[in-house]
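Enquirer: This is protein.pdb (PDB, C-alpha atoms, pLDDT in the B column).
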ATOM      1  CA  MET A 145     -11.020  22.850   1.851  1.00 80.00           C
ATOM      2  CA  THR A 146     -14.788  23.303   2.205  1.00 85.00           C
ATOM      3  CA  PRO A 147     -16.831  20.540   3.851  1.00 84.00           C
ATOM      4  CA  GLU A 148     -18.660  20.031   0.530  1.00 86.00           C
ATOM      5  CA  LEU A 149     -15.435  19.554  -1.405  1.00 89.00           C
ATOM      6  CA  PHE A 150     -14.089  17.272   1.318  1.00 88.00           C
ATOM      7  CA  SER A 151     -17.241  15.175   1.198  1.00 87.00           C
ATOM      8  CA  LEU A 152     -17.154  14.923  -2.600  1.00 91.00           C
ATOM      9  CA  ALA A 153     -13.464  14.056  -2.700  1.00 92.00           C
ATOM     10  CA  GLN A 154     -13.942  11.493   0.082  1.00 90.00           C
ATOM     11  CA  ARG A 155     -16.600   9.728  -1.977  1.00 91.00           C
ATOM     12  CA  ILE A 156     -14.496   9.732  -5.135  1.00 94.00           C
ATOM     13  CA  HIS A 157     -11.572   8.434  -3.054  1.00 94.00           C
ATOM     14  CA  GLY A 158     -13.685   5.496  -1.873  1.00 93.00           C
ATOM     15  CA  HIS A 159     -15.270   4.787  -5.249  1.00 95.00           C
ATOM     16  CA  MET A 160     -11.896   4.728  -6.993  1.00 95.00           C
ATOM     17  CA  ALA A 161     -10.714   2.229  -4.396  1.00 96.00           C
ATOM     18  CA  ILE A 162     -13.637  -0.183  -4.834  1.00 96.00           C
ATOM     19  CA  LEU A 163     -13.319   0.110  -8.618  1.00 97.00           C
ATOM     20  CA  GLY A 164      -9.629  -0.748  -8.400  1.00 97.00           C
ATOM     21  CA  LEU A 165     -10.385  -3.693  -6.126  1.00 97.00           C
ATOM     22  CA  ALA A 166     -13.020  -4.995  -8.551  1.00 97.00           C
ATOM     23  CA  VAL A 167     -10.699  -4.671 -11.561  1.00 97.00           C
ATOM     24  CA  LEU A 168      -7.932  -6.553  -9.763  1.00 96.00           C
ATOM     25  CA  VAL A 169     -10.140  -9.613  -9.269  1.00 96.00           C
ATOM     26  CA  HIS A 170      -9.555 -10.450 -12.952  1.00 94.00           C
ATOM     27  CA  PRO A 171      -5.756 -10.865 -12.831  1.00 94.00           C
ATOM     28  CA  ILE A 172      -5.919 -12.520  -9.413  1.00 94.00           C
ATOM     29  CA  VAL A 173      -8.226 -15.218 -10.795  1.00 92.00           C
ATOM     30  CA  TRP A 174      -6.516 -15.469 -14.191  1.00 89.00           C
ATOM     31  CA  LEU A 175      -2.933 -15.671 -12.926  1.00 87.00           C
ATOM     32  CA  ARG A 176      -3.719 -18.129 -10.137  1.00 85.00           C
ATOM     33  CA  GLY A 177      -0.854 -20.563  -9.627  1.00 73.00           C
ATOM     34  CA  GLY A 178       1.289 -18.783 -12.226  1.00 70.00           C
ATOM     35  CA  ARG A 179       0.030 -21.149 -14.910  1.00 71.00           C
ATOM     36  CA  ARG A 180      -0.923 -18.691 -17.632  1.00 81.00           C
ATOM     37  CA  PHE A 181      -0.506 -15.110 -18.746  1.00 81.00           C
ATOM     38  CA  SER A 182      -2.556 -12.876 -21.002  1.00 86.00           C
ATOM     39  CA  PRO A 183      -2.053  -9.259 -22.089  1.00 88.00           C
ATOM     40  CA  ARG A 184      -5.473  -8.506 -20.630  1.00 90.00           C
ATOM     41  CA  ALA A 185      -4.269  -9.634 -17.217  1.00 90.00           C
ATOM     42  CA  GLN A 186      -1.404  -7.157 -17.529  1.00 94.00           C
ATOM     43  CA  TRP A 187      -3.847  -4.416 -18.492  1.00 95.00           C
ATOM     44  CA  THR A 188      -6.224  -5.089 -15.623  1.00 95.00           C
ATOM     45  CA  THR A 189      -3.314  -5.295 -13.197  1.00 95.00           C
ATOM     46  CA  ASP A 190      -1.972  -1.941 -14.408  1.00 96.00           C
ATOM     47  CA  ILE A 191      -5.398  -0.279 -14.357  1.00 97.00           C
ATOM     48  CA  GLY A 192      -6.314  -1.677 -10.935  1.00 96.00           C
ATOM     49  CA  ALA A 193      -2.974  -0.627  -9.425  1.00 96.00           C
ATOM     50  CA  LEU A 194      -3.341   2.806 -11.022  1.00 97.00           C
ATOM     51  CA  LEU A 195      -6.885   3.273  -9.679  1.00 97.00           C
ATOM     52  CA  LEU A 196      -5.794   2.368  -6.173  1.00 97.00           C
ATOM     53  CA  THR A 197      -2.742   4.633  -6.459  1.00 96.00           C
ATOM     54  CA  ILE A 198      -4.996   7.521  -7.489  1.00 96.00           C
ATOM     55  CA  SER A 199      -7.302   6.725  -4.571  1.00 96.00           C
ATOM     56  CA  PHE A 200      -4.277   6.677  -2.244  1.00 94.00           C
ATOM     57  CA  SER A 201      -3.091  10.023  -3.673  1.00 94.00           C
ATOM     58  CA  MET A 202      -6.513  11.516  -3.030  1.00 94.00           C
ATOM     59  CA  GLY A 203      -6.245  10.260   0.535  1.00 92.00           C
ATOM     60  CA  TRP A 204      -2.958  12.160   0.829  1.00 89.00           C
ATOM     61  CA  TRP A 205      -4.677  15.265  -0.418  1.00 91.00           C
ATOM     62  CA  LEU A 206      -7.537  14.871   2.065  1.00 91.00           C
ATOM     63  CA  TYR A 207      -5.360  13.964   5.023  1.00 88.00           C
ATOM     64  CA  PRO A 208      -4.436  17.500   6.223  1.00 87.00           C
ATOM     65  CA  SER A 209      -8.132  18.486   6.266  1.00 88.00           C
ATOM     66  CA  TYR A 210      -8.968  15.313   8.148  1.00 87.00           C
ATOM     67  CA  ARG A 211      -6.257  16.100  10.694  1.00 84.00           C
ATOM     68  CA  GLU A 212      -7.446  19.644  11.125  1.00 83.00           C
ATOM     69  CA  HIS A 213     -11.210  19.299  11.155  1.00 85.00           C
ATOM     70  CA  ILE A 214     -12.176  15.724  11.952  1.00 85.00           C
ATOM     71  CA  LYS A 215      -9.444  13.954  13.866  1.00 84.00           C
ATOM     72  CA  PRO A 216      -9.532  16.072  17.058  1.00 84.00           C
ATOM     73  CA  GLY A 217     -13.250  15.440  17.637  1.00 84.00           C
ATOM     74  CA  LEU A 218     -12.925  11.827  16.652  1.00 84.00           C
ATOM     75  CA  MET A 219     -10.021  11.279  19.051  1.00 84.00           C
ATOM     76  CA  ALA A 220     -12.008  12.894  21.848  1.00 85.00           C
ATOM     77  CA  GLU A 221     -15.265  11.043  21.383  1.00 86.00           C
ATOM     78  CA  GLN A 222     -14.672   7.969  19.194  1.00 86.00           C
ATOM     79  CA  LEU A 223     -11.130   6.884  19.967  1.00 87.00           C
ATOM     80  CA  ASP A 224     -11.621   3.373  18.617  1.00 89.00           C
ATOM     81  CA  THR A 225     -12.797   4.725  15.257  1.00 89.00           C
ATOM     82  CA  ALA A 226      -9.847   7.127  15.132  1.00 88.00           C
ATOM     83  CA  MET A 227      -7.492   4.199  15.716  1.00 90.00           C
ATOM     84  CA  ARG A 228      -9.155   2.223  12.922  1.00 91.00           C
ATOM     85  CA  PHE A 229      -8.466   5.178  10.654  1.00 91.00           C
ATOM     86  CA  GLU A 230      -4.778   5.024  11.572  1.00 90.00           C
ATOM     87  CA  SER A 231      -4.694   1.296  10.764  1.00 92.00           C
ATOM     88  CA  LYS A 232      -6.390   2.055   7.454  1.00 93.00           C
ATOM     89  CA  GLU A 233      -3.642   4.515   6.548  1.00 92.00           C
ATOM     90  CA  HIS A 234      -0.930   1.963   7.335  1.00 93.00           C
ATOM     91  CA  LEU A 235      -2.646  -0.739   5.283  1.00 95.00           C
ATOM     92  CA  ALA A 236      -3.195   1.622   2.351  1.00 95.00           C
ATOM     93  CA  ALA A 237       0.523   2.357   2.179  1.00 94.00           C
ATOM     94  CA  ILE A 238       1.305  -1.375   2.251  1.00 96.00           C
ATOM     95  CA  ALA A 239      -1.342  -2.181  -0.376  1.00 96.00           C
ATOM     96  CA  VAL A 240      -0.225   0.439  -2.881  1.00 96.00           C
ATOM     97  CA  ALA A 241       3.452  -0.523  -2.525  1.00 96.00           C
ATOM     98  CA  LEU A 242       2.594  -4.196  -3.110  1.00 97.00           C
ATOM     99  CA  LEU A 243       0.213  -3.592  -6.014  1.00 97.00           C
ATOM    100  CA  LEU A 244       2.598  -1.306  -7.892  1.00 96.00           C
ATOM    101  CA  SER A 245       5.412  -3.788  -7.419  1.00 96.00           C
ATOM    102  CA  ALA A 246       3.080  -6.591  -8.561  1.00 96.00           C
ATOM    103  CA  ALA A 247       2.286  -4.701 -11.782  1.00 96.00           C
ATOM    104  CA  LEU A 248       5.993  -4.177 -12.485  1.00 96.00           C
ATOM    105  CA  THR A 249       6.888  -7.752 -11.551  1.00 95.00           C
ATOM    106  CA  LEU A 250       4.222  -9.028 -13.931  1.00 94.00           C
ATOM    107  CA  ARG A 251       5.389  -6.747 -16.752  1.00 94.00           C
ATOM    108  CA  PHE A 252       9.049  -7.677 -16.471  1.00 93.00           C
ATOM    109  CA  GLY A 253       8.940 -11.179 -15.004  1.00 89.00           C
ATOM    110  CA  ARG A 254       6.104 -12.811 -16.922  1.00 87.00           C
ATOM    111  CA  GLN A 255       8.422 -14.881 -19.118  1.00 87.00           C
ATOM    112  CA  HIS A 256       9.239 -16.998 -16.081  1.00 88.00           C
ATOM    113  CA  LYS A 257       6.732 -19.256 -14.400  1.00 88.00           C
ATOM    114  CA  GLU A 258       8.014 -18.297 -10.955  1.00 90.00           C
ATOM    115  CA  GLY A 259       7.923 -14.652 -11.980  1.00 91.00           C
ATOM    116  CA  LEU A 260       4.232 -15.019 -12.793  1.00 93.00           C
ATOM    117  CA  ARG A 261       3.676 -16.761  -9.492  1.00 93.00           C
ATOM    118  CA  LEU A 262       5.504 -13.997  -7.602  1.00 94.00           C
ATOM    119  CA  ALA A 263       3.421 -11.326  -9.350  1.00 95.00           C
ATOM    120  CA  HIS A 264       0.271 -13.229  -8.380  1.00 95.00           C
ATOM    121  CA  THR A 265       1.443 -13.525  -4.771  1.00 95.00           C
ATOM    122  CA  LEU A 266       2.066  -9.775  -4.531  1.00 96.00           C
ATOM    123  CA  LEU A 267      -1.256  -9.048  -6.219  1.00 96.00           C
ATOM    124  CA  ALA A 268      -3.235 -11.315  -3.903  1.00 96.00           C
ATOM    125  CA  LEU A 269      -1.572 -10.018  -0.738  1.00 97.00           C
ATOM    126  CA  GLY A 270      -1.841  -6.408  -1.883  1.00 97.00           C
ATOM    127  CA  TRP A 271      -5.505  -6.969  -2.711  1.00 97.00           C
ATOM    128  CA  VAL A 272      -6.208  -8.347   0.775  1.00 97.00           C
ATOM    129  CA  ALA A 273      -4.487  -5.330   2.364  1.00 97.00           C
ATOM    130  CA  ALA A 274      -6.453  -2.994   0.082  1.00 97.00           C
ATOM    131  CA  MET A 275      -9.745  -4.746   0.862  1.00 97.00           C
ATOM    132  CA  ILE A 276      -9.186  -4.446   4.632  1.00 97.00           C
ATOM    133  CA  THR A 277      -8.325  -0.787   4.006  1.00 96.00           C
ATOM    134  CA  PHE A 278     -11.585  -0.331   2.139  1.00 95.00           C
ATOM    135  CA  VAL A 279     -13.669  -2.011   4.841  1.00 96.00           C
ATOM    136  CA  LEU A 280     -12.037   0.085   7.575  1.00 95.00           C
ATOM    137  CA  GLY A 281     -12.405   3.219   5.445  1.00 92.00           C
ATOM    138  CA  THR A 282     -16.114   2.578   4.921  1.00 92.00           C
ATOM    139  CA  TYR A 283     -16.573   2.007   8.636  1.00 91.00           C
ATOM    140  CA  VAL A 284     -14.693   5.183   9.577  1.00 89.00           C
ATOM    141  CA  ALA A 285     -16.429   7.292   6.902  1.00 85.00           C
ATOM    142  CA  HIS A 286     -19.872   6.548   8.316  1.00 84.00           C
ATOM    143  CA  VAL A 287     -18.759   8.142  11.602  1.00 81.00           C
ATOM    144  CA  ALA A 288     -16.120  10.670  10.558  1.00 74.00           C
ATOM    145  CA  HIS A 289     -17.345  13.271   8.095  1.00 65.00           C
ATOM    146  CA  PRO A 290     -17.214  17.062   7.864  1.00 60.00           C
ATOM    147  CA  ALA A 291     -20.370  17.426   9.919  1.00 57.00           C
ATOM    148  CA  TRP A 292     -18.778  15.492  12.761  1.00 48.00           C
TER     149      TRP A 292
ATOM    150  CA  MET B 135      17.727  -7.934 -17.434  1.00 84.00           C
ATOM    151  CA  ARG B 136      13.919  -8.044 -17.361  1.00 88.00           C
ATOM    152  CA  ALA B 137      13.975 -10.676 -14.633  1.00 89.00           C
ATOM    153  CA  ARG B 138      16.280  -8.493 -12.546  1.00 92.00           C
ATOM    154  CA  ILE B 139      13.903  -5.547 -12.905  1.00 93.00           C
ATOM    155  CA  ALA B 140      10.960  -7.770 -11.899  1.00 94.00           C
ATOM    156  CA  LEU B 141      12.813  -9.030  -8.853  1.00 94.00           C
ATOM    157  CA  GLY B 142      13.957  -5.538  -7.909  1.00 95.00           C
ATOM    158  CA  ALA B 143      10.397  -4.230  -8.232  1.00 95.00           C
ATOM    159  CA  SER B 144       9.037  -6.974  -6.002  1.00 94.00           C
ATOM    160  CA  TRP B 145      11.645  -6.298  -3.307  1.00 95.00           C
ATOM    161  CA  ALA B 146      11.066  -2.569  -3.614  1.00 96.00           C
ATOM    162  CA  GLY B 147       7.388  -3.162  -2.766  1.00 95.00           C
ATOM    163  CA  LEU B 148       8.165  -5.541   0.078  1.00 96.00           C
ATOM    164  CA  GLY B 149      10.925  -3.260   1.346  1.00 96.00           C
ATOM    165  CA  ALA B 150       8.743  -0.148   1.284  1.00 95.00           C
ATOM    166  CA  SER B 151       5.954  -1.987   3.136  1.00 95.00           C
ATOM    167  CA  THR B 152       8.346  -3.303   5.760  1.00 95.00           C
ATOM    168  CA  SER B 153      10.028   0.067   6.169  1.00 94.00           C
ATOM    169  CA  TYR B 154       6.674   1.772   6.659  1.00 93.00           C
ATOM    170  CA  VAL B 155       5.520  -0.653   9.339  1.00 94.00           C
ATOM    171  CA  ALA B 156       8.916  -0.605  11.062  1.00 93.00           C
ATOM    172  CA  GLN B 157       8.860   3.202  11.178  1.00 91.00           C
ATOM    173  CA  ARG B 158       5.331   3.120  12.527  1.00 89.00           C
ATOM    174  CA  LEU B 159       6.202   0.619  15.250  1.00 90.00           C
ATOM    175  CA  ILE B 160       9.269   2.673  16.243  1.00 88.00           C
ATOM    176  CA  ALA B 161       7.070   5.783  16.361  1.00 86.00           C
ATOM    177  CA  ALA B 162       4.554   3.926  18.536  1.00 85.00           C
ATOM    178  CA  LEU B 163       7.335   2.951  20.930  1.00 86.00           C
ATOM    179  CA  TYR B 164       9.345   6.169  21.055  1.00 83.00           C
ATOM    180  CA  GLY B 165       7.075   8.812  19.488  1.00 75.00           C
ATOM    181  CA  ASP B 166       7.351  10.549  16.130  1.00 67.00           C
ATOM    182  CA  ALA B 167      10.335  12.713  15.371  1.00 60.00           C
ATOM    183  CA  HIS B 168       9.813  16.262  16.518  1.00 57.00           C
ATOM    184  CA  SER B 169       8.710  18.519  13.687  1.00 51.00           C
ATOM    185  CA  ALA B 170      11.650  20.855  14.276  1.00 53.00           C
ATOM    186  CA  GLY B 171      13.968  17.977  13.443  1.00 54.00           C
ATOM    187  CA  VAL B 172      12.486  17.483   9.997  1.00 50.00           C
ATOM    188  CA  ILE B 173      10.794  20.541   8.553  1.00 49.00           C
ATOM    189  CA  ALA B 174       9.178  22.756  11.120  1.00 45.00           C
ATOM    190  CA  SER B 175       6.772  24.434   8.737  1.00 47.00           C
ATOM    191  CA  ALA B 176       5.052  21.471   7.106  1.00 55.00           C
ATOM    192  CA  HIS B 177       5.496  18.354   9.171  1.00 63.00           C
ATOM    193  CA  ILE B 178       2.979  15.531   8.874  1.00 74.00           C
ATOM    194  CA  ALA B 179       4.491  12.345  10.233  1.00 81.00           C
ATOM    195  CA  TYR B 180       2.486  10.156   7.867  1.00 83.00           C
ATOM    196  CA  TYR B 181       3.910  11.905   4.794  1.00 85.00           C
ATOM    197  CA  TRP B 182       7.463  11.538   6.021  1.00 84.00           C
ATOM    198  CA  ARG B 183       6.939   7.894   6.872  1.00 88.00           C
ATOM    199  CA  VAL B 184       5.622   7.107   3.399  1.00 89.00           C
ATOM    200  CA  ASP B 185       8.401   9.120   1.724  1.00 88.00           C
ATOM    201  CA  GLY B 186      11.047   7.353   3.785  1.00 90.00           C
ATOM    202  CA  ALA B 187       9.488   3.960   3.040  1.00 92.00           C
ATOM    203  CA  ILE B 188       9.438   4.644  -0.725  1.00 93.00           C
ATOM    204  CA  LEU B 189      13.072   5.741  -0.704  1.00 93.00           C
ATOM    205  CA  GLN B 190      14.223   2.757   1.333  1.00 92.00           C
ATOM    206  CA  GLY B 191      12.162   0.365  -0.784  1.00 93.00           C
ATOM    207  CA  LEU B 192      13.680   1.739  -3.986  1.00 94.00           C
ATOM    208  CA  ILE B 193      17.188   1.393  -2.572  1.00 95.00           C
ATOM    209  CA  LEU B 194      16.508  -2.207  -1.534  1.00 94.00           C
ATOM    210  CA  GLY B 195      15.000  -2.999  -4.936  1.00 94.00           C
ATOM    211  CA  ALA B 196      17.996  -1.524  -6.761  1.00 94.00           C
ATOM    212  CA  LEU B 197      20.403  -3.473  -4.568  1.00 95.00           C
ATOM    213  CA  VAL B 198      18.541  -6.751  -5.096  1.00 92.00           C
ATOM    214  CA  ALA B 199      18.296  -6.178  -8.866  1.00 91.00           C
ATOM    215  CA  GLY B 200      21.989  -5.391  -9.038  1.00 91.00           C
ATOM    216  CA  LEU B 201      23.388  -8.027  -6.718  1.00 91.00           C
ATOM    217  CA  VAL B 202      21.312 -11.187  -7.256  1.00 87.00           C
ATOM    218  CA  ARG B 203      23.043 -13.459  -9.764  1.00 84.00           C
ATOM    219  CA  GLU B 204      20.199 -15.802 -10.654  1.00 83.00           C
ATOM    220  CA  PRO B 205      16.985 -13.782 -10.437  1.00 81.00           C
ATOM    221  CA  GLU B 206      14.863 -16.616 -11.825  1.00 80.00           C
ATOM    222  CA  ARG B 207      15.678 -18.773  -8.805  1.00 84.00           C
ATOM    223  CA  ALA B 208      15.092 -15.857  -6.448  1.00 92.00           C
ATOM    224  CA  PHE B 209      11.459 -15.473  -7.585  1.00 93.00           C
ATOM    225  CA  LEU B 210      10.414 -18.558  -5.642  1.00 92.00           C
ATOM    226  CA  LEU B 211      12.220 -17.447  -2.487  1.00 93.00           C
ATOM    227  CA  THR B 212      10.671 -13.986  -2.749  1.00 94.00           C
ATOM    228  CA  SER B 213       7.176 -15.505  -3.019  1.00 93.00           C
ATOM    229  CA  ARG B 214       7.768 -17.525   0.127  1.00 94.00           C
ATOM    230  CA  VAL B 215       9.105 -14.484   1.974  1.00 95.00           C
ATOM    231  CA  ALA B 216       6.076 -12.440   0.865  1.00 96.00           C
ATOM    232  CA  TRP B 217       3.575 -15.045   2.146  1.00 96.00           C
ATOM    233  CA  VAL B 218       5.131 -14.795   5.616  1.00 96.00           C
ATOM    234  CA  LEU B 219       6.091 -11.124   5.668  1.00 96.00           C
ATOM    235  CA  VAL B 220       2.972  -9.416   4.347  1.00 95.00           C
ATOM    236  CA  PRO B 221       0.440 -11.082   6.703  1.00 96.00           C
ATOM    237  CA  THR B 222       2.791 -10.137   9.555  1.00 95.00           C
ATOM    238  CA  LEU B 223       2.825  -6.519   8.370  1.00 95.00           C
ATOM    239  CA  ILE B 224      -0.970  -6.488   8.062  1.00 95.00           C
ATOM    240  CA  ALA B 225      -1.355  -7.937  11.564  1.00 95.00           C
ATOM    241  CA  ALA B 226       1.097  -5.376  12.970  1.00 93.00           C
ATOM    242  CA  SER B 227      -0.803  -2.540  11.279  1.00 92.00           C
ATOM    243  CA  LEU B 228      -4.065  -3.702  12.810  1.00 92.00           C
ATOM    244  CA  ALA B 229      -2.577  -4.381  16.236  1.00 91.00           C
ATOM    245  CA  VAL B 230      -0.663  -1.093  16.533  1.00 85.00           C
ATOM    246  CA  PRO B 231      -2.689   1.697  14.973  1.00 83.00           C
TER     247      PRO B 231
END
Mind turning the file's structure into structure tokens?
Expert:
Amino acid sequence: MTPELFSLAQRIHGHMAILGLAVLVHPIVWLRGGRRFSPRAQWTTDIGALLLTISFSMGWWLYPSYREHIKPGLMAEQLDTAMRFESKEHLAAIAVALLLSAALTLRFGRQHKEGLRLAHTLLALGWVAAMITFVLGTYVAHVAHPAW
Amino acid sequence: MRARIALGASWAGLGASTSYVAQRLIAALYGDAHSAGVIASAHIAYYWRVDGAILQGLILGALVAGLVREPERAFLLTSRVAWVLVPTLIAASLAVP
């Protein structure tokens, strides 16, 4: 992968993530307390989870290049930043698992009040994990780039 | 049936998250599996961890969906478990990179 392609893909990866996070604010606010459901909340949940899954998939695609070209220098000179990157990867895996399960729980469990509440719980917790991932990713990206 | 699928999906997500963090903590304690023990040619520990977590989460979700008799009642319990479990997983991920 060329540094230019890496840089472009890294930006798209981050922009998809923040877009997904923004979209998910709608169902998190709407479904609060499991009191009400709307088809739009299902749509925004699905779209937000999909955007973050695509972002995560792009991260998978970028990861071997990161390991090869960026990680060694980062580990040698900015160990703390490299460790934040590792935490980011762990949190991304947690966030995507929770958000996909939240979308499915909402789709299949919305007839039940507690099902709605469970979907909201998974959404909110997944969103927090994804937001921490995004903050760490932004921090790491300002240090770790192909020109590193 | 729909409630069972919803419950299974929620436990699949929680199970995959827990499996991932557990694998990571074990790797931090004992080291990642040697590449020759998995696939020598294309071993990236992160990929294997995520794959293993997805598989184990799906198995847990299928078991929960198949075995729980009153899924409606289990929704509440699952919410309570999630509010304790997920912050713990997040804290562990930040504490042990």
Enquirer: Distance cut-off 10 Å, counting all atoms listed in the file - which residues of chain A neighbour chain B? Return them as JSON, numbers by chain.
Expert: {"A": [204, 207, 208, 211, 224, 226, 227, 228, 229, 230, 231, 232, 233, 234, 235, 236, 237, 238, 239, 240, 241, 242, 243, 244, 245, 246, 247, 248, 249, 250, 251, 252, 253, 254, 255, 256, 257, 258, 259, 260, 261, 262, 263, 264, 265, 266, 268, 269, 270, 272, 273, 276]}
Enquirer: Compare A:Leu267, A:Thr146, A:Thr225, A:Leu168 by their minimum atom-to-atom distance to Thr282 of chain A, counting all atoms listed in the file, and give me the closest one.
Expert: A:Thr225
Enquirer: I'd like the contact shell of Ser199 of chain A - 7 Å cut-off, only C-alpha atoms, skipping same-chain residues fewer than 6 positions apart - returned as a list in words.
Expert: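 Here the answer would be His157, Met160 and Ala161 of chain A.
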Enquirer: I need the residue nearest Val287 of chain A from this list: A:Met275, A:Ile214, A:Val173, A:Ile198. Use all atoms listed in the file for the distance.
Expert: A:Ile214
